[in-house]
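Colleague: data_7.cif is reproduced below (mmCIF, C-alpha atoms, pLDDT in the B column; chains and numbers go by the auth columns).
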```cif
data_run
loop_
_atom_site.group_PDB
_atom_site.id
_atom_site.type_symbol
_atom_site.label_atom_id
_atom_site.label_comp_id
_atom_site.label_asym_id
_atom_site.label_seq_id
_atom_site.Cartn_x
_atom_site.Cartn_y
_atom_site.Cartn_z
_atom_site.B_iso_or_equiv
_atom_site.auth_seq_id
_atom_site.auth_asym_id
ATOM 1 C CA VAL A 1 180.392 49.560 77.813 96.00 1 A
ATOM 2 C CA GLN A 2 180.047 45.896 78.653 98.00 2 A
ATOM 3 C CA LEU A 3 177.826 44.165 81.183 98.00 3 A
ATOM 4 C CA GLN A 4 178.752 40.528 81.683 98.00 4 A
ATOM 5 C CA ALA A 5 176.178 38.472 83.547 97.00 5 A
ATOM 6 C CA SER A 6 177.030 35.093 85.029 98.00 6 A
ATOM 7 C CA GLY A 7 175.930 32.617 87.659 98.00 7 A
ATOM 8 C CA GLY A 8 172.848 31.129 86.066 98.00 8 A
ATOM 9 C CA GLY A 9 172.159 27.435 85.938 98.00 9 A
ATOM 10 C CA LEU A 10 169.791 24.624 86.751 98.00 10 A
ATOM 11 C CA VAL A 11 168.521 24.373 90.317 98.00 11 A
ATOM 12 C CA GLN A 12 165.750 22.506 92.079 98.00 12 A
ATOM 13 C CA ALA A 13 162.780 24.356 93.510 98.00 13 A
ATOM 14 C CA GLY A 14 163.654 25.773 96.907 98.00 14 A
ATOM 15 C CA GLY A 15 167.285 26.174 95.980 98.00 15 A
ATOM 16 C CA SER A 16 169.454 29.270 95.629 98.00 16 A
ATOM 17 C CA LEU A 17 171.606 30.953 93.026 98.00 17 A
ATOM 18 C CA ARG A 18 173.663 34.123 92.993 98.00 18 A
ATOM 19 C CA LEU A 19 173.953 36.025 89.759 98.00 19 A
ATOM 20 C CA SER A 20 176.742 38.484 89.086 98.00 20 A
ATOM 21 C CA CYS A 21 177.024 41.250 86.548 98.00 21 A
ATOM 22 C CA ALA A 22 180.465 42.720 85.973 98.00 22 A
ATOM 23 C CA ALA A 23 180.543 46.123 84.323 98.00 23 A
ATOM 24 C CA SER A 24 183.341 47.704 82.335 98.00 24 A
ATOM 25 C CA GLY A 25 183.755 50.806 80.237 97.00 25 A
ATOM 26 C CA LEU A 26 181.732 53.029 82.526 97.00 26 A
ATOM 27 C CA THR A 27 182.052 54.805 85.855 97.00 27 A
ATOM 28 C CA PHE A 28 180.117 52.147 87.706 98.00 28 A
ATOM 29 C CA SER A 29 179.285 54.150 90.812 97.00 29 A
ATOM 30 C CA THR A 30 177.390 56.712 88.748 97.00 30 A
ATOM 31 C CA TYR A 31 174.999 54.146 87.265 98.00 31 A
ATOM 32 C CA VAL A 32 171.779 52.720 88.581 98.00 32 A
ATOM 33 C CA MET A 33 171.822 48.956 88.150 98.00 33 A
ATOM 34 C CA ALA A 34 168.869 46.639 87.668 98.00 34 A
ATOM 35 C CA TRP A 35 167.915 43.062 86.954 98.00 35 A
ATOM 36 C CA PHE A 36 165.184 42.081 84.535 98.00 36 A
ATOM 37 C CA ARG A 37 164.070 38.664 83.384 98.00 37 A
ATOM 38 C CA GLN A 38 162.388 37.213 80.362 98.00 38 A
ATOM 39 C CA ALA A 39 160.639 33.881 80.330 98.00 39 A
ATOM 40 C CA LEU A 40 160.138 31.998 77.099 97.00 40 A
ATOM 41 C CA GLY A 41 157.349 33.586 75.095 97.00 41 A
ATOM 42 C CA LYS A 42 156.889 36.468 77.511 98.00 42 A
ATOM 43 C CA GLU A 43 157.950 40.080 77.659 98.00 43 A
ATOM 44 C CA ARG A 44 160.978 41.175 79.587 98.00 44 A
ATOM 45 C CA GLU A 45 159.971 42.184 83.101 98.00 45 A
ATOM 46 C CA PHE A 46 161.495 44.162 85.921 98.00 46 A
ATOM 47 C CA VAL A 47 162.871 42.265 88.898 98.00 47 A
ATOM 48 C CA THR A 48 164.824 44.679 91.063 98.00 48 A
ATOM 49 C CA VAL A 49 166.940 47.840 91.020 98.00 49 A
ATOM 50 C CA ILE A 50 169.605 49.415 93.191 98.00 50 A
ATOM 51 C CA SER A 51 170.644 53.030 93.488 97.00 51 A
ATOM 52 C CA ARG A 52 174.108 54.309 92.678 97.00 52 A
ATOM 53 C CA SER A 53 175.304 54.162 96.267 96.00 53 A
ATOM 54 C CA GLY A 54 173.451 50.957 97.067 96.00 54 A
ATOM 55 C CA GLY A 55 171.378 52.720 99.669 96.00 55 A
ATOM 56 C CA SER A 56 168.017 52.206 97.966 96.00 56 A
ATOM 57 C CA THR A 57 166.498 49.166 96.343 98.00 57 A
ATOM 58 C CA PHE A 58 163.113 48.361 94.833 97.00 58 A
ATOM 59 C CA THR A 59 161.889 44.851 94.090 98.00 59 A
ATOM 60 C CA THR A 60 158.895 43.476 92.293 98.00 60 A
ATOM 61 C CA ASP A 61 156.302 41.856 94.535 97.00 61 A
ATOM 62 C CA SER A 62 156.615 38.362 93.068 97.00 62 A
ATOM 63 C CA VAL A 63 160.200 37.972 94.326 98.00 63 A
ATOM 64 C CA LYS A 64 160.169 40.261 97.349 98.00 64 A
ATOM 65 C CA GLY A 65 161.590 38.496 100.380 97.00 65 A
ATOM 66 C CA ARG A 66 163.337 35.909 98.195 98.00 66 A
ATOM 67 C CA PHE A 67 165.611 37.958 95.924 98.00 67 A
ATOM 68 C CA THR A 68 168.152 40.550 97.054 98.00 68 A
ATOM 69 C CA ILE A 69 170.121 42.940 94.899 98.00 69 A
ATOM 70 C CA SER A 70 173.445 44.337 96.042 98.00 70 A
ATOM 71 C CA ARG A 71 176.453 46.017 94.496 98.00 71 A
ATOM 72 C CA ASP A 72 180.157 46.418 95.095 98.00 72 A
ATOM 73 C CA ASN A 73 181.296 49.670 93.526 98.00 73 A
ATOM 74 C CA ALA A 74 184.932 48.790 94.150 98.00 74 A
ATOM 75 C CA LYS A 75 184.520 45.674 92.010 98.00 75 A
ATOM 76 C CA ASN A 76 182.170 47.217 89.416 98.00 76 A
ATOM 77 C CA THR A 77 179.757 44.378 90.053 98.00 77 A
ATOM 78 C CA VAL A 78 176.085 44.007 90.885 98.00 78 A
ATOM 79 C CA TYR A 79 174.665 40.823 92.373 98.00 79 A
ATOM 80 C CA LEU A 80 171.312 39.111 92.575 98.00 80 A
ATOM 81 C CA GLN A 81 170.934 36.627 95.396 98.00 81 A
ATOM 82 C CA MET A 82 167.974 34.367 94.669 98.00 82 A
ATOM 83 C CA ASN A 83 166.627 32.138 97.404 98.00 83 A
ATOM 84 C CA SER A 84 163.609 29.854 97.643 98.00 84 A
ATOM 85 C CA LEU A 85 163.506 29.590 93.885 98.00 85 A
ATOM 86 C CA LYS A 86 160.302 28.513 92.191 98.00 86 A
ATOM 87 C CA PRO A 87 159.700 27.024 88.736 98.00 87 A
ATOM 88 C CA GLU A 88 158.043 30.300 87.727 98.00 88 A
ATOM 89 C CA ASP A 89 161.386 32.052 88.259 98.00 89 A
ATOM 90 C CA THR A 90 162.722 30.231 85.213 98.00 90 A
ATOM 91 C CA ALA A 91 163.890 32.862 82.724 98.00 91 A
ATOM 92 C CA VAL A 92 166.852 34.547 81.155 98.00 92 A
ATOM 93 C CA TYR A 93 168.069 37.152 83.611 98.00 93 A
ATOM 94 C CA TYR A 94 169.514 40.409 82.317 98.00 94 A
ATOM 95 C CA CYS A 95 171.399 43.141 84.102 98.00 95 A
ATOM 96 C CA ALA A 96 170.860 46.712 82.983 98.00 96 A
ATOM 97 C CA ALA A 97 172.454 50.063 83.668 98.00 97 A
ATOM 98 C CA ASP A 98 171.505 53.665 83.314 97.00 98 A
ATOM 99 C CA ARG A 99 173.080 56.880 84.485 96.00 99 A
ATOM 100 C CA GLU A 100 170.084 59.210 84.378 92.00 100 A
ATOM 101 C CA ILE A 101 167.135 57.148 85.534 91.00 101 A
ATOM 102 C CA ALA A 102 165.160 58.352 88.535 91.00 102 A
ATOM 103 C CA ILE A 103 164.207 55.170 90.325 90.00 103 A
ATOM 104 C CA LEU A 104 161.790 56.658 92.830 91.00 104 A
ATOM 105 C CA ALA A 105 159.125 56.598 90.141 94.00 105 A
ATOM 106 C CA LYS A 106 157.889 53.075 89.525 94.00 106 A
ATOM 107 C CA ARG A 107 157.079 53.758 85.888 94.00 107 A
ATOM 108 C CA ASN A 108 160.727 54.729 85.391 94.00 108 A
ATOM 109 C CA ARG A 109 162.508 51.970 87.233 95.00 109 A
ATOM 110 C CA GLU A 110 160.364 49.201 85.715 96.00 110 A
ATOM 111 C CA ALA A 111 160.535 50.391 82.113 96.00 111 A
ATOM 112 C CA VAL A 112 162.813 48.418 79.830 97.00 112 A
ATOM 113 C CA GLY A 113 163.272 51.446 77.599 95.00 113 A
ATOM 114 C CA LYS A 114 164.681 53.581 80.401 96.00 114 A
ATOM 115 C CA TYR A 115 167.921 51.596 80.654 97.00 115 A
ATOM 116 C CA GLU A 116 170.750 52.382 78.295 97.00 116 A
ATOM 117 C CA TYR A 117 172.982 49.359 78.657 98.00 117 A
ATOM 118 C CA TRP A 118 172.155 45.668 78.846 98.00 118 A
ATOM 119 C CA GLY A 119 174.072 42.512 79.530 97.00 119 A
ATOM 120 C CA GLN A 120 173.782 39.393 77.405 95.00 120 A
ATOM 121 C CA GLY A 121 171.637 37.454 79.880 95.00 121 A
ATOM 122 C CA THR A 122 172.133 34.322 81.901 98.00 122 A
ATOM 123 C CA GLN A 123 169.690 31.409 81.951 98.00 123 A
ATOM 124 C CA VAL A 124 168.108 30.355 85.226 98.00 124 A
ATOM 125 C CA THR A 125 166.103 27.141 85.181 98.00 125 A
ATOM 126 C CA VAL A 126 164.225 25.959 88.245 98.00 126 A
ATOM 127 C CA SER A 127 162.975 22.395 88.187 98.00 127 A
ATOM 128 C CA SER A 128 159.974 21.252 90.204 94.00 128 A
#
```
Have the structure of the file written as structure tokens, please.

Modeller:
Amino acid sequence: VQLQASGGGLVQAGGSLRLSCAASGLTFSTYVMAWFRQALGKEREFVTVISRSGGSTFTTDSVKGRFTISRDNAKNTVYLQMNSLKPEDTAVYYCAADREIAILAKRNREAVGKYEYWGQGTQVTVSS
């Protein structure tokens, strides 16, 4: 299984970026997909998650209304559209996948240890 994240970069505050995560080696439509981020010196934290069909999403409060997760099961890809970026959004962004996770429970969907597969991360830097 491989998760290949891309789309990171340097952007000014208020700008936008779209991250992509292309999956291979798994039956993509049977996996819950999520985005986490890790700022320098901090723990990895949950950002957002999307159900297998794409019909349900959950997003952490700090990015709600600015970030949107979506997926294209035909392309085996999950996306993270990030708008109105702030310097505090600066982090390495990771995509994650799991087949069994029950995302209705917050303690499940936000737990790093619940996800089986991880991408390599893509750096997002927001300048003020």

Colleague: Using the chain letters and numbers from this file, what does the PyMOL selection byres ((chain A and resi 120) around 8) select? Give the answer as a PyMOL selection string.

Modeller: chain A and resi 3-5+94+118-119+121-122

Colleague: Starting from the displayed file, determine the output of the PyMOL selection byres ((chain A and resi 8-20) around 8) and express the residue list as a PyMOL selection string.

Modeller: chain A and resi 4-7+21-22+77-87+122-128

Colleague: Output as JSON the centre and edge lengths (Å, one decimal) of the box along x, y and z of the file that holds every listed atom of stretch 8-25 of chain A after adding 5 Å on each side.

Modeller:
```
{"center_x": 173.3, "center_y": 36.7, "center_z": 88.6, "size_x": 31.0, "size_y": 38.3, "size_z": 26.7}
```

Colleague: Excluding A:Arg44 and any residue of its chain fewer than 4 positions from it, enumerate the residues within 10 Å of it, using only C-alpha atoms, and give them as a ChimeraX atom specification.

Modeller: /A:36-40,91-94,111-112

Colleague: With distances taken over only C-alpha atoms, which residue among A:Glu45, A:Glu116, A:Asp72, A:Glu88 lies nearest A:Thr59?

Modeller: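 Ranked by minimum distance to A:Thr59, first place goes to A:Glu45.
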
Colleague: Just want the 9 Å neighbourhood of A:Glu100, counted on all atoms listed in the file, with same-chain residues fewer than 6 positions away dropped. Output as a ChimeraX atom specification.

Modeller: /A:30-32,114-115

Colleague: Looking at A:Gln2, A:Gly25, A:Val49, A:Arg66, which one is nearest to A:Asn108, with distances taken over all atoms listed in the file?

Modeller: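 Checking each of A:Gln2, A:Gly25, A:Val49, A:Arg66 against A:Asn108, counting all atoms listed in the file, the winner is A:Val49.
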
Colleague: Give me, please, the distance in Å between atom CA of A:Gly55 and atom CA of A:Glu43, quoted to one decimal.

Modeller: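 Answer for the atom CA of A:Gly55 to atom CA of A:Glu43 separation: 28.7 Å.
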
Colleague: Need a file for stretch 6-126 of chain A from that block: C-alpha atoms, written as an mmCIF file, in the first residue's frame.

Modeller:
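Saved as part_38.cif:
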```
data_model
loop_
_atom_site.group_PDB
_atom_site.id
_atom_site.type_symbol
_atom_site.label_atom_id
_atom_site.label_comp_id
_atom_site.auth_asym_id
_atom_site.auth_seq_id
_atom_site.Cartn_x
_atom_site.Cartn_y
_atom_site.Cartn_z
ATOM 1 C CA SER A 6 1.409 16.191 -2.923
ATOM 2 C CA GLY A 7 0.422 19.807 -3.381
ATOM 3 C CA GLY A 8 2.149 21.446 -0.451
ATOM 4 C CA GLY A 9 4.167 24.605 -0.737
ATOM 5 C CA LEU A 10 4.706 28.138 0.448
ATOM 6 C CA VAL A 11 1.715 30.472 0.429
ATOM 7 C CA GLN A 12 0.902 33.843 1.928
ATOM 8 C CA ALA A 13 -1.676 34.164 4.674
ATOM 9 C CA GLY A 14 -5.150 34.264 3.180
ATOM 10 C CA GLY A 15 -4.124 32.120 0.255
ATOM 11 C CA SER A 16 -5.227 28.649 -0.818
ATOM 12 C CA LEU A 17 -3.696 25.275 -1.535
ATOM 13 C CA ARG A 18 -5.118 21.935 -2.585
ATOM 14 C CA LEU A 19 -3.426 18.811 -1.348
ATOM 15 C CA SER A 20 -3.835 15.462 -3.051
ATOM 16 C CA CYS A 21 -3.190 11.971 -1.800
ATOM 17 C CA ALA A 22 -3.060 9.208 -4.385
ATOM 18 C CA ALA A 23 -3.523 5.695 -3.061
ATOM 19 C CA SER A 24 -2.365 2.439 -4.589
ATOM 20 C CA GLY A 25 -2.249 -1.169 -3.509
ATOM 21 C CA LEU A 26 -5.618 -1.113 -1.800
ATOM 22 C CA THR A 27 -9.303 -1.120 -2.673
ATOM 23 C CA PHE A 28 -9.652 2.602 -2.171
ATOM 24 C CA SER A 29 -13.425 2.754 -1.863
ATOM 25 C CA THR A 30 -13.346 0.480 1.178
ATOM 26 C CA TYR A 31 -11.037 2.767 3.163
ATOM 27 C CA VAL A 32 -11.777 5.751 5.326
ATOM 28 C CA MET A 33 -9.374 8.545 4.447
ATOM 29 C CA ALA A 34 -8.104 11.310 6.697
ATOM 30 C CA TRP A 35 -5.697 14.207 6.867
ATOM 31 C CA PHE A 36 -3.514 14.925 9.866
ATOM 32 C CA ARG A 37 -0.852 17.554 10.360
ATOM 33 C CA GLN A 38 2.224 17.965 12.466
ATOM 34 C CA ALA A 39 3.827 21.287 13.213
ATOM 35 C CA LEU A 40 7.465 21.494 14.193
ATOM 36 C CA GLY A 41 7.904 20.371 17.780
ATOM 37 C CA LYS A 42 4.276 19.357 18.191
ATOM 38 C CA GLU A 43 2.336 16.130 18.109
ATOM 39 C CA ARG A 44 0.536 14.981 15.022
ATOM 40 C CA GLU A 45 -3.060 16.182 15.105
ATOM 41 C CA PHE A 46 -6.273 15.316 13.343
ATOM 42 C CA VAL A 47 -7.538 17.679 10.665
ATOM 43 C CA THR A 48 -10.389 15.998 8.827
ATOM 44 C CA VAL A 49 -11.790 12.638 7.724
ATOM 45 C CA ILE A 50 -14.098 11.357 5.018
ATOM 46 C CA SER A 51 -16.167 8.203 4.910
ATOM 47 C CA ARG A 52 -15.735 5.476 2.327
ATOM 48 C CA SER A 53 -18.480 6.791 0.075
ATOM 49 C CA GLY A 54 -17.650 10.434 0.690
ATOM 50 C CA GLY A 55 -21.035 11.022 2.228
ATOM 51 C CA SER A 56 -19.782 11.938 5.698
ATOM 52 C CA THR A 57 -16.985 14.203 6.809
ATOM 53 C CA PHE A 58 -15.737 15.451 10.166
ATOM 54 C CA THR A 59 -13.379 18.384 10.608
ATOM 55 C CA THR A 60 -11.532 19.804 13.551
ATOM 56 C CA ASP A 61 -12.855 23.131 14.802
ATOM 57 C CA SER A 62 -9.703 25.127 14.070
ATOM 58 C CA VAL A 63 -10.067 24.643 10.299
ATOM 59 C CA LYS A 64 -13.822 24.220 9.975
ATOM 60 C CA GLY A 65 -15.197 26.484 7.273
ATOM 61 C CA ARG A 66 -11.752 26.874 5.690
ATOM 62 C CA PHE A 67 -10.680 23.313 4.850
ATOM 63 C CA THR A 68 -12.692 20.786 2.845
ATOM 64 C CA ILE A 69 -11.940 17.124 2.338
ATOM 65 C CA SER A 70 -13.212 15.258 -0.697
ATOM 66 C CA ARG A 71 -12.447 12.045 -2.529
ATOM 67 C CA ASP A 72 -12.678 10.579 -5.998
ATOM 68 C CA ASN A 73 -12.989 6.816 -5.707
ATOM 69 C CA ALA A 74 -12.555 6.412 -9.453
ATOM 70 C CA LYS A 75 -9.144 8.074 -9.214
ATOM 71 C CA ASN A 76 -8.133 6.546 -5.856
ATOM 72 C CA THR A 77 -7.438 10.037 -4.584
ATOM 73 C CA VAL A 78 -8.407 12.128 -1.584
ATOM 74 C CA TYR A 79 -8.103 15.906 -1.575
ATOM 75 C CA LEU A 80 -7.780 18.656 0.984
ATOM 76 C CA GLN A 81 -8.826 22.090 -0.194
ATOM 77 C CA MET A 82 -7.384 24.698 2.154
ATOM 78 C CA ASN A 83 -8.623 28.260 1.954
ATOM 79 C CA SER A 84 -7.978 31.357 4.047
ATOM 80 C CA LEU A 85 -4.728 29.873 5.247
ATOM 81 C CA LYS A 86 -3.156 31.182 8.426
ATOM 82 C CA PRO A 87 0.441 31.011 9.671
ATOM 83 C CA GLU A 88 -0.713 28.561 12.349
ATOM 84 C CA ASP A 89 -1.667 26.122 9.579
ATOM 85 C CA THR A 90 2.023 25.659 8.840
ATOM 86 C CA ALA A 91 2.816 21.958 9.230
ATOM 87 C CA VAL A 92 3.592 18.749 7.449
ATOM 88 C CA TYR A 93 0.301 17.332 6.243
ATOM 89 C CA TYR A 94 -0.201 13.575 6.169
ATOM 90 C CA CYS A 95 -2.918 11.490 4.594
ATOM 91 C CA ALA A 96 -3.993 8.325 6.361
ATOM 92 C CA ALA A 97 -6.170 5.349 5.556
ATOM 93 C CA ASP A 98 -7.952 2.670 7.466
ATOM 94 C CA ARG A 99 -10.461 0.034 6.492
ATOM 95 C CA GLU A 100 -12.025 -0.727 9.867
ATOM 96 C CA ILE A 101 -12.252 2.587 11.668
ATOM 97 C CA ALA A 102 -15.654 3.768 12.846
ATOM 98 C CA ILE A 103 -15.541 7.504 12.335
ATOM 99 C CA LEU A 104 -18.743 8.399 14.147
ATOM 100 C CA ALA A 105 -16.825 8.230 17.408
ATOM 101 C CA LYS A 106 -14.566 11.237 17.819
ATOM 102 C CA ARG A 107 -12.022 9.323 19.872
ATOM 103 C CA ASN A 108 -11.659 6.917 16.944
ATOM 104 C CA ARG A 109 -11.462 9.289 14.027
ATOM 105 C CA GLU A 110 -8.981 11.626 15.745
ATOM 106 C CA ALA A 111 -6.612 8.947 17.022
ATOM 107 C CA VAL A 112 -3.350 8.596 15.142
ATOM 108 C CA GLY A 113 -3.079 4.969 16.203
ATOM 109 C CA LYS A 114 -6.378 4.013 14.592
ATOM 110 C CA TYR A 115 -5.090 4.473 11.038
ATOM 111 C CA GLU A 116 -3.188 1.670 9.393
ATOM 112 C CA TYR A 117 -1.559 3.397 6.457
ATOM 113 C CA TRP A 118 0.176 6.753 6.200
ATOM 114 C CA GLY A 119 1.568 8.856 3.417
ATOM 115 C CA GLN A 120 4.985 10.482 3.540
ATOM 116 C CA GLY A 121 3.700 13.998 4.225
ATOM 117 C CA THR A 122 3.783 17.244 2.330
ATOM 118 C CA GLN A 123 5.002 20.535 3.795
ATOM 119 C CA VAL A 124 2.648 23.497 3.944
ATOM 120 C CA THR A 125 4.165 26.817 4.960
ATOM 121 C CA VAL A 126 2.016 29.898 5.413
#
```
